[in-house]
Structure formats: C-alpha cells, structure tokens
Amino acid sequence: MAAQRFSTLDDMHDIAGKPVLVREDLNVPVHDDGSVSDDTRLRATMATLTELADAHAKVLVLAHFGRPKGHASEDLSLRPVAEALGKVLGRHIGFLASPERHAIDALANGSITVLENSRFYPGEEKNDPALVSQMAALGDFYVNDAFSTAHRAHVTTEGLAHALPAFAGRAMEAELRALEAALGDPEHPVAAVVGGAKVSTKLDVLTHLVAKVDHLIIGGGMANTFLAARGVDVGNSLCEHDLTDTANRIMDVADAASCTVHLPYDVVVAGEFAAGAENRTVNVHEVGSDEMILDIGMAAVEALSDVLKTCKTLVWNGPLGAFEIEPFDRATVALAQTAAALTREGSLVSVAGGGDTVAALNHAGAAGDFSFVSTAGGAFLEWMEGKELPGVKALET
Ligand code: ADP
Ligand code: MG
C-alpha cells in the first residue's frame with residue numbers, strides 16, 4: 001500500500017512553532033480581472049493546511065502560478081491567489097514576496113503564509129541545488145501535497161524532499177492511495193476504459209495497461225484506429241491510419257497477456273461534427289464513406305456495462321465519444337452512470353482522470369460517485385503510463 005511507502009502527516013512530530021514548507025497546487029484558472037474562476041485546487045489544500053496550522057506549525061505554502069520562466073512579473077504574482085485561498089479556508093492567509101528566515105521566525109504559530117510564485121526563481125525548474133539549499137533554510141520540514149506537479153523534478157516538487165524531512169500531505173496521500181488501489185495492487189478483474197481523440201497521444205498508456213488489466217475497453221476517436229486495423233472501413237472518421245500496425249501490435253500483446261480488448265460493434269455516425277447533427281446508429285461494417293463515427297453505440301454500451309458488472313476495479317481515461325456535442329455524449333454518460341452505480345453499491349473501485357474525462361464525468365453527474373477522480377492532468381497520464389513520478393519517488397521512505 002502507498003500509505004506504507006510514504007511518511008504522512010501522521011509521522012510528523014514536534015512541529016509546534018516550527019516552519020513547515022508545504023508544496024500545494026495553486027495554479028488556478030483565473031478570469032480576465034484576475035479573480036479565480038474555479039477553486040477546486042484551493043479546496044484541495046484545506047485538509048493539509050488546516051491540520052498543520054491547528055498543530056501550531058508556521059505553515060509556508062510553496063506553489064507556482066503560470067509560466068513566468070524565472071522572471072518576477074506582477075500579473076503572475078500569487079498574492080491575489082493567497083487572498084482567494086483565505087476565503088476558501090476561512091482564515092487569514094499571509095503573503096511573503098521575498099521570504100527570509102528571520103521574517104519566518106517572527107510569524108505566529110498556527111499561521112499560514114503563501115510564498116511568492118516559485119517559478120519567479122530561475123533555479124526552480126532546473127532543480128538548482130543552490131536554490132534547494134536557499135529554500136530548505138526557510139523551513140524545518142517539507143510536505144508535498146501537490147500530486148499534479150509530481151511529474152516535474154523541480155526544487156519545490158522534488159529537490160526539497162532530499163534536503164528536509166519529507167512527508168506526503170493529505171491530498172497527496174489520498175491520490176496515492178487511490179491510484180495504488182486502481183493499478184498498483186488492484187483487486188481483479190480490472191477494467192480500463194481508454195478513450196479520447198487519438199491513439200498517438202496515449203500509446204504509452206495503452207502499452208502499459210494491456211500488461212496490467214483484464215479488460216481494455218477502447219472508445220472515442222482512438223477506437224477508429226483499432227477498428228481500421230481490424231479491416232473496418234471507418235469512412236470519414238478521425239483515424240490515424242499510419243498507426244494501424246501499432247494498434248495490431250497492442251492487440252497482440254493484449255492477447256498474449258490474456259487481456260480482452262473490447263472494441264465497439266455498433267457506432268453512432270454523422271455527416272458533420274456538430275451539435276444535433278443528423279445521425280444514425282450502425283454496425284461498424286456499415287459506416288458510409290462520407291460519414292464519421294462520433295460515439296459508440298448503445299449495444300456496445302450494454303455489453304460494456306455487463307463487463308463492468310464482473311469487475312472489481314475500473315480505471316478510466318478518455319471519453320467514449322465526442323461528448324461535448326449532443327447527442328454524441330450518450331455512450332460516455334451511460335457507461336459513466338453504470339460505473340457510478342456499481343461504485344455506490346460497493347462492487348467496484350473506480351478511478352478516473354484526464355481533463356476531458358473529468359468534464360465528461362461531471363456532465364454525466366457521475367464524478368461524485370466515483371471512488372476517486374484525479375484532476376492532475378499530466379501527472380495522472382504519466383502515472384497511467386507506468387512512469388515513476390519524480391515528486392512521488394522523492395517522498396518514498
Ligand atoms: P482526456 O483529456 O480526458 O485525456 P482526450 O483529450 O484524450 O481526453 O480526449 C477528449 C477528446 O476526444 C474530446 O474532445 C472528444 O471530443 C474527442 N473524441 C472522442 N471521441 C471522438 C470521436 N469519435 N471523434 C472525434 N473526436 C472524439
Ligand atoms: Mg484532453
């Protein structure tokens with residue numbers, strides 16, 4: 001279990017009065033006027049920051065904002081984000097533009113202070129040892145609570161973990177536990193849903209999964225490439241014809257590993273990629289040359305629901321169709337709701353991630369019922385590829 005491989009806040013002792021550096025993800029989307037448009041990431045910091053503050057530590061929040069590339073710039077300051085964080089946490093949040101140890105020693109016990117954008121320092125993204133030492137001198141402990149930045153080996157995401165006693169924060173701990181339960185040491189049978197636009201962006205994900213899961217469910221635009229590899233004429237569909245050999249290779253590896261690959265046998269086709277476009281559901285062998293596949297069909301969804309009913313674990317990345325435009329959201333919505341219901345009943349552990357996937361699950365009203373939905377984007381995908389994330393590795397005990 002992940003919990004045994006990482007020290008957590010439970011393992012921190014004697015922190016009252018001591019400065020604790022906490023890496024959080026404060027890279028929130030903002031409106032033109034600078035106000036925060038989605039505070040999901042701010043809410044995710046709550047458990048760790050309040051727990052440490054309530055234990056009377058001097059909590060120092062490290063985070064980046066945007067891409068200042070080593071230069072300070074007014075519009076990428078974390079100061080307004082610190083203010084928004086204060087509203088979310090319901091506490092006063094301090095701010096230090098150029099933190100120094102004597103100023104930190106003067107902070108009140110139990111205070112929370114955001115330090116200026118870590119990417120204002122040229123050394124941050126280079127994991128510069130000089131900056132590691134300079135920042136390590138500001139605190140006595142390091143907590144990493146930002147799984148979403150763990151695929152980067154930067155000073156605040158990786159370097160500091162080697163310079164100070166290092167711990168996983170509560171959000172990081174929850175994410176590691178969920179991911180471990182889904183792919184590290186999952187209960188079998190395991191199903192993976194991989195959808196989205198293109199095979200080329202998810203080759204490593206597919207290759208990693210076929211060796212790990214019992215059922216690989218392929219949907220979205222990438223199913224077209226697999227169908228084409230099987231000799232199906234996909235008409236005018238989004239399809240990477242140059243990757244059909246690769247698709248066949250993946251299916252061969254799956255066969256050898258006793259992983260069943262599920263491709264749709266009915267699909268929803270339309271003449272144009274537009275909301276409300278005239279459409280019909282056909283067998284995959286009946287796609288017209290001027291038609292494109294924009295969703296998988298309901299017969300396929302029924303069959304996939306039956307597969308999920310036999311499974312104990314589900315990991316999902318990528319929508320099954322062009323879910324942004326109705327009615328091509330139907331398969332994604334239906335299968336997401338089945339997964340949600342099975343999770344509610346306690347027969348399935350379900351973990352999902354990916355920018356569009358999270359949007360699709362929210363659209364389906366299913367996200368809240370999944371065991372875990374990762375908003376980590378790049379880090380989630382690298383984890384699905386079986387890569388070791390430097391920020392996570394550095395926390396291992
Ligand atoms: P995620 O962000 O969750 O990793 P992707 O970015 O890989 O997901 O894929 C999402 C995109 O795939 C969506 O914009 C969706 O419209 C597109 N897509 C899914 N199915 C199809 C299809 N059959 N044809 C064209 N685009 C599709
Ligand atoms: Mg996407």
# chains A, B, ... in the order shown; residues from 1 in each chain; ligands from 1
>>> residues_around(residues="A:Trp316", least_positions_apart="3", cutoff="12 Å", atoms="only C-alpha atoms", output="ChimeraX atom specification")
/A:179,182-183,190-196,205-206,209,213,215-219,308,313,319-320,332,335-336,339-340,349-358,360-361,367,370-374,380-381,384
>>> residues_around(residues="A:Asp290", least_positions_apart="6", cutoff="10 Å", atoms="only C-alpha atoms", output="ChimeraX atom specification")
/A:234-237,269-272
>>> write_last_selection(atoms="all heavy atoms", output="CSV table (one decimal), in the first residue's frame")
chain,number,residue,atom,x,y,z
A,234,VAL,N,-13.7,2.9,-41.8
A,234,VAL,CA,-14.3,3.8,-40.9
A,234,VAL,C,-14.7,5.1,-41.6
A,234,VAL,O,-15.0,6.1,-40.9
A,234,VAL,CB,-13.3,4.1,-39.7
A,234,VAL,CG1,-13.1,2.9,-38.9
A,234,VAL,CG2,-12.0,4.7,-40.2
A,235,GLY,N,-14.7,5.1,-42.9
A,235,GLY,CA,-15.3,6.3,-43.6
A,235,GLY,C,-14.5,7.5,-43.4
A,235,GLY,O,-13.2,7.5,-43.5
A,236,ASN,N,-15.2,8.6,-43.0
A,236,ASN,CA,-14.6,9.9,-42.9
A,236,ASN,C,-14.2,10.2,-41.4
A,236,ASN,O,-13.9,11.3,-41.0
A,236,ASN,CB,-15.6,10.9,-43.3
A,236,ASN,CG,-14.9,12.2,-43.8
A,236,ASN,OD1,-13.8,12.2,-44.1
A,236,ASN,ND2,-15.7,13.2,-44.0
A,237,SER,N,-14.1,9.1,-40.6
A,237,SER,CA,-13.9,9.3,-39.1
A,237,SER,C,-12.5,9.8,-38.9
A,237,SER,O,-11.5,9.5,-39.7
A,237,SER,CB,-14.0,7.9,-38.4
A,237,SER,OG,-15.3,7.4,-38.6
A,269,VAL,N,-23.0,7.4,-36.2
A,269,VAL,CA,-22.3,8.2,-37.2
A,269,VAL,C,-23.1,9.4,-37.6
A,269,VAL,O,-24.3,9.4,-37.5
A,269,VAL,CB,-22.0,7.3,-38.5
A,269,VAL,CG1,-21.1,6.1,-38.1
A,269,VAL,CG2,-23.3,6.7,-39.0
A,270,ALA,N,-22.3,10.4,-38.2
A,270,ALA,CA,-23.0,11.6,-38.7
A,270,ALA,C,-22.1,12.1,-39.8
A,270,ALA,O,-21.0,11.8,-40.0
A,270,ALA,CB,-23.1,12.7,-37.5
A,271,GLY,N,-22.7,13.0,-40.6
A,271,GLY,CA,-22.0,13.6,-41.7
A,271,GLY,C,-21.1,14.8,-41.3
A,271,GLY,O,-20.2,15.2,-42.0
A,272,GLU,N,-21.4,15.3,-40.2
A,272,GLU,CA,-20.6,16.5,-39.7
A,272,GLU,C,-20.4,16.5,-38.2
A,272,GLU,O,-21.2,15.9,-37.5
A,272,GLU,CB,-21.3,17.8,-40.1
A,272,GLU,CG,-22.7,17.8,-39.7
A,272,GLU,CD,-23.4,19.2,-39.9
A,272,GLU,OE1,-22.7,20.2,-40.2
A,272,GLU,OE2,-24.6,19.3,-39.8
>>> atom_distance(atom1="atom CA of A:Lys387", atom2="atom 20 (N, counted along the ligand's line) of ligand 1")
25.4 Å
>>> residues_around(residues="A:Val155", least_positions_apart="5", cutoff="9 Å", atoms="only C-alpha atoms", output="mmCIF file with all heavy atoms, in the first residue's frame")
data_model
loop_
_atom_site.group_PDB
_atom_site.id
_atom_site.type_symbol
_atom_site.label_atom_id
_atom_site.label_comp_id
_atom_site.auth_asym_id
_atom_site.auth_seq_id
_atom_site.Cartn_x
_atom_site.Cartn_y
_atom_site.Cartn_z
ATOM 1 N N SER A 118 6.929 30.263 -7.071
ATOM 2 C CA SER A 118 8.247 29.607 -7.055
ATOM 3 C C SER A 118 8.949 29.711 -8.405
ATOM 4 O O SER A 118 10.177 29.659 -8.484
ATOM 5 C CB SER A 118 8.090 28.135 -6.667
ATOM 6 O OG SER A 118 7.291 27.448 -7.616
ATOM 7 N N GLY A 123 16.094 29.158 -10.750
ATOM 8 C CA GLY A 123 16.568 27.825 -10.406
ATOM 9 C C GLY A 123 15.464 26.795 -10.205
ATOM 10 O O GLY A 123 15.733 25.589 -10.187
ATOM 11 N N GLU A 124 14.215 27.254 -10.047
ATOM 12 C CA GLU A 124 13.116 26.337 -9.709
ATOM 13 C C GLU A 124 12.984 25.175 -10.691
ATOM 14 O O GLU A 124 13.055 24.012 -10.328
ATOM 15 C CB GLU A 124 11.799 27.129 -9.612
ATOM 16 C CG GLU A 124 10.500 26.309 -9.708
ATOM 17 C CD GLU A 124 10.188 25.449 -8.480
ATOM 18 O OE1 GLU A 124 11.115 25.112 -7.727
ATOM 19 O OE2 GLU A 124 9.002 25.095 -8.299
ATOM 20 N N GLU A 125 12.785 25.498 -11.966
ATOM 21 C CA GLU A 125 12.526 24.436 -12.939
ATOM 22 C C GLU A 125 13.795 23.663 -13.297
ATOM 23 O O GLU A 125 13.717 22.598 -13.895
ATOM 24 C CB GLU A 125 11.856 25.012 -14.190
ATOM 25 C CG GLU A 125 10.453 25.533 -13.888
ATOM 26 C CD GLU A 125 9.718 26.042 -15.121
ATOM 27 O OE1 GLU A 125 9.420 25.225 -15.995
ATOM 28 O OE2 GLU A 125 9.458 27.261 -15.191
ATOM 29 N N LYS A 126 14.968 24.210 -12.911
ATOM 30 C CA LYS A 126 16.232 23.495 -13.164
ATOM 31 C C LYS A 126 16.601 22.605 -11.982
ATOM 32 O O LYS A 126 17.625 21.938 -12.004
ATOM 33 C CB LYS A 126 17.362 24.505 -13.418
ATOM 34 C CG LYS A 126 17.113 25.402 -14.606
ATOM 35 C CD LYS A 126 18.344 26.290 -14.865
ATOM 36 C CE LYS A 126 18.033 27.341 -15.907
ATOM 37 N NZ LYS A 126 18.052 28.716 -15.338
ATOM 38 N N ASN A 127 15.799 22.633 -10.951
ATOM 39 C CA ASN A 127 16.105 21.896 -9.724
ATOM 40 C C ASN A 127 17.509 22.243 -9.233
ATOM 41 O O ASN A 127 18.287 21.371 -8.825
ATOM 42 C CB ASN A 127 15.967 20.385 -9.958
ATOM 43 C CG ASN A 127 15.549 19.642 -8.695
ATOM 44 O OD1 ASN A 127 15.401 20.248 -7.619
ATOM 45 N ND2 ASN A 127 15.390 18.337 -8.800
ATOM 46 N N ASP A 128 17.824 23.519 -9.275
ATOM 47 C CA ASP A 128 19.157 24.038 -8.936
ATOM 48 C C ASP A 128 19.481 23.801 -7.454
ATOM 49 O O ASP A 128 18.750 24.270 -6.573
ATOM 50 C CB ASP A 128 19.170 25.536 -9.259
ATOM 51 C CG ASP A 128 20.476 26.203 -8.885
ATOM 52 O OD1 ASP A 128 21.418 25.489 -8.478
ATOM 53 O OD2 ASP A 128 20.541 27.447 -8.988
ATOM 54 N N PRO A 129 20.577 23.070 -7.176
ATOM 55 C CA PRO A 129 20.928 22.755 -5.778
ATOM 56 C C PRO A 129 21.086 24.000 -4.910
ATOM 57 O O PRO A 129 20.793 23.954 -3.711
ATOM 58 C CB PRO A 129 22.263 22.018 -5.892
ATOM 59 C CG PRO A 129 22.336 21.532 -7.308
ATOM 60 C CD PRO A 129 21.526 22.484 -8.139
ATOM 61 N N LEU A 131 19.360 26.756 -5.094
ATOM 62 C CA LEU A 131 18.017 27.185 -4.692
ATOM 63 C C LEU A 131 17.410 26.189 -3.694
ATOM 64 O O LEU A 131 16.683 26.590 -2.773
ATOM 65 C CB LEU A 131 17.105 27.346 -5.917
ATOM 66 C CG LEU A 131 15.701 27.903 -5.621
ATOM 67 C CD1 LEU A 131 15.764 29.305 -5.009
ATOM 68 C CD2 LEU A 131 14.838 27.924 -6.879
ATOM 69 N N VAL A 132 17.718 24.906 -3.867
ATOM 70 C CA VAL A 132 17.255 23.910 -2.892
ATOM 71 C C VAL A 132 17.751 24.306 -1.500
ATOM 72 O O VAL A 132 16.959 24.374 -0.543
ATOM 73 C CB VAL A 132 17.738 22.481 -3.258
ATOM 74 C CG1 VAL A 132 17.430 21.512 -2.117
ATOM 75 C CG2 VAL A 132 17.089 22.003 -4.549
ATOM 76 N N MET A 135 16.040 27.505 -0.159
ATOM 77 C CA MET A 135 14.649 27.298 0.269
ATOM 78 C C MET A 135 14.567 26.379 1.478
ATOM 79 O O MET A 135 13.722 26.578 2.354
ATOM 80 C CB MET A 135 13.820 26.727 -0.871
ATOM 81 C CG MET A 135 13.459 27.763 -1.906
ATOM 82 S SD MET A 135 12.071 27.185 -2.880
ATOM 83 C CE MET A 135 11.613 28.692 -3.698
ATOM 84 N N LEU A 160 13.526 19.672 -2.711
ATOM 85 C CA LEU A 160 13.392 19.897 -1.264
ATOM 86 C C LEU A 160 13.166 18.612 -0.484
ATOM 87 O O LEU A 160 13.514 18.528 0.694
ATOM 88 C CB LEU A 160 12.239 20.878 -0.987
ATOM 89 C CG LEU A 160 12.555 22.355 -1.241
ATOM 90 C CD1 LEU A 160 11.281 23.197 -1.114
ATOM 91 C CD2 LEU A 160 13.622 22.858 -0.269
ATOM 92 N N ALA A 161 12.594 17.601 -1.146
ATOM 93 C CA ALA A 161 12.318 16.341 -0.448
ATOM 94 C C ALA A 161 13.604 15.666 0.003
ATOM 95 O O ALA A 161 13.606 14.870 0.936
ATOM 96 C CB ALA A 161 11.514 15.405 -1.349
#
>>> select_by_dssp(residues="stretch 115-356 of chain A", states="helix (DSSP H, G or I)", output="PyMOL selection string")
chain A and resi 118-120+129-136+147-149+155-163+170-184+203-210+220-229+241-256+284-286+298-310+330-345+355-356
>>> residues_around(residues="A:Glu326", least_positions_apart="4", cutoff="10 Å", atoms="only C-alpha atoms", output="ChimeraX atom specification")
/A:274-277,322,330
>>> closest_atom_pairs(of="stretch 160-187 of chain A", to="stretch 38-50 of chain A", cutoff="8 Å", atoms="only C-alpha atoms", output="Markdown table")
| residue | atom | partner | partner_atom | distance |
| --- | --- | --- | --- | --- |
| A:Gly169 | CA | A:Thr48 | CA | 5.7 |
| A:Arg170 | CA | A:Thr48 | CA | 5.4 |
| A:Ala171 | CA | A:Ala44 | CA | 6.4 |
>>> select_by_dssp(residues="stretch 34-274 of chain A", states="strand (DSSP E)", output="VMD selection string")
chain A and resid 58 to 62 93 to 96 112 to 115 141 to 144 166 to 168 190 to 194 215 to 218 260 to 262 266 to 270
>>> write_last_selection(atoms="N, CA and C atoms", output="compact mmCIF listing (two decimals), in the first residue's frame")
# COMPACT_ATOMS: atom_id res chain seq x y z
N LYS A 58 4.21 26.84 11.77
CA LYS A 58 4.16 28.03 10.91
C LYS A 58 4.13 27.49 9.48
N VAL A 59 2.96 27.55 8.88
CA VAL A 59 2.76 26.89 7.59
C VAL A 59 3.15 27.84 6.46
N LEU A 60 4.08 27.37 5.61
CA LEU A 60 4.56 28.17 4.48
C LEU A 60 4.19 27.45 3.20
N VAL A 61 3.35 28.08 2.39
CA VAL A 61 2.85 27.41 1.19
C VAL A 61 3.72 27.76 -0.01
N LEU A 62 4.24 26.73 -0.64
CA LEU A 62 5.03 26.88 -1.87
C LEU A 62 4.16 26.49 -3.06
N ILE A 93 -4.72 34.52 5.55
CA ILE A 93 -3.55 33.92 4.92
C ILE A 93 -2.54 35.04 4.66
N GLY A 94 -1.34 34.88 5.18
CA GLY A 94 -0.30 35.87 4.96
C GLY A 94 0.37 35.68 3.60
N PHE A 95 1.23 36.63 3.25
CA PHE A 95 1.93 36.54 1.97
C PHE A 95 3.33 37.10 2.14
N LEU A 96 4.34 36.40 1.62
CA LEU A 96 5.71 36.89 1.65
C LEU A 96 6.28 36.90 0.24
N ILE A 112 -0.72 30.69 8.46
CA ILE A 112 -0.50 30.13 7.11
C ILE A 112 -0.06 31.28 6.21
N THR A 113 1.06 31.11 5.54
CA THR A 113 1.63 32.17 4.70
C THR A 113 1.97 31.60 3.32
N VAL A 114 1.50 32.26 2.30
CA VAL A 114 1.84 31.85 0.93
C VAL A 114 3.12 32.57 0.52
N LEU A 115 4.08 31.84 -0.01
CA LEU A 115 5.30 32.45 -0.53
C LEU A 115 5.11 32.73 -2.02
N PHE A 141 10.66 21.32 7.91
CA PHE A 141 10.04 20.12 7.32
C PHE A 141 9.54 20.48 5.93
N TYR A 142 9.38 19.43 5.11
CA TYR A 142 8.83 19.62 3.77
C TYR A 142 7.65 18.66 3.59
N VAL A 143 6.53 19.22 3.15
CA VAL A 143 5.34 18.40 2.86
C VAL A 143 4.97 18.61 1.39
N ASN A 144 4.83 17.52 0.64
CA ASN A 144 4.36 17.67 -0.74
C ASN A 144 2.91 17.22 -0.80
N ALA A 166 10.80 14.72 4.73
CA ALA A 166 9.75 14.92 3.72
C ALA A 166 8.54 14.03 3.97
N PHE A 167 7.36 14.61 3.76
CA PHE A 167 6.10 13.91 4.06
C PHE A 167 5.08 14.16 2.96
N ALA A 168 4.18 13.20 2.77
CA ALA A 168 3.06 13.39 1.85
C ALA A 168 1.93 14.07 2.60
N VAL A 190 -9.77 -6.32 -13.41
CA VAL A 190 -9.61 -4.88 -13.59
C VAL A 190 -10.01 -4.52 -15.02
N ALA A 191 -10.83 -3.49 -15.17
CA ALA A 191 -11.15 -2.97 -16.50
C ALA A 191 -10.53 -1.59 -16.65
N ALA A 192 -10.02 -1.31 -17.83
CA ALA A 192 -9.56 0.05 -18.15
C ALA A 192 -10.38 0.56 -19.32
N VAL A 193 -10.90 1.76 -19.20
CA VAL A 193 -11.54 2.43 -20.33
C VAL A 193 -10.54 3.46 -20.84
N VAL A 194 -10.17 3.35 -22.10
CA VAL A 194 -9.31 4.36 -22.70
C VAL A 194 -10.03 4.92 -23.92
N HIS A 215 -9.46 -6.33 -18.79
CA HIS A 215 -10.31 -5.85 -19.90
C HIS A 215 -9.85 -4.47 -20.32
N LEU A 216 -9.53 -4.31 -21.59
CA LEU A 216 -9.20 -3.00 -22.11
C LEU A 216 -10.34 -2.56 -23.03
N ILE A 217 -11.06 -1.53 -22.60
CA ILE A 217 -12.21 -1.02 -23.35
C ILE A 217 -11.75 0.20 -24.13
N ILE A 218 -11.81 0.11 -25.45
CA ILE A 218 -11.33 1.22 -26.26
C ILE A 218 -12.51 1.93 -26.91
N THR A 260 -8.50 -8.94 -22.48
CA THR A 260 -9.52 -8.88 -23.54
C THR A 260 -9.69 -7.44 -24.00
N VAL A 261 -9.50 -7.22 -25.29
CA VAL A 261 -9.69 -5.87 -25.85
C VAL A 261 -11.12 -5.76 -26.37
N HIS A 262 -11.83 -4.75 -25.91
CA HIS A 262 -13.22 -4.55 -26.33
C HIS A 262 -13.31 -3.38 -27.29
N ASP A 266 -21.24 -1.56 -32.55
CA ASP A 266 -22.12 -0.58 -33.21
C ASP A 266 -21.61 0.83 -32.86
N VAL A 267 -21.86 1.75 -33.76
CA VAL A 267 -21.34 3.11 -33.59
C VAL A 267 -22.39 4.13 -34.06
N VAL A 268 -22.24 5.36 -33.54
CA VAL A 268 -23.13 6.44 -33.96
C VAL A 268 -22.37 7.29 -34.99
N VAL A 269 -22.95 7.44 -36.16
CA VAL A 269 -22.27 8.16 -37.23
C VAL A 269 -23.07 9.39 -37.65
N ALA A 270 -22.34 10.39 -38.16
CA ALA A 270 -22.97 11.61 -38.67
C ALA A 270 -22.13 12.15 -39.81
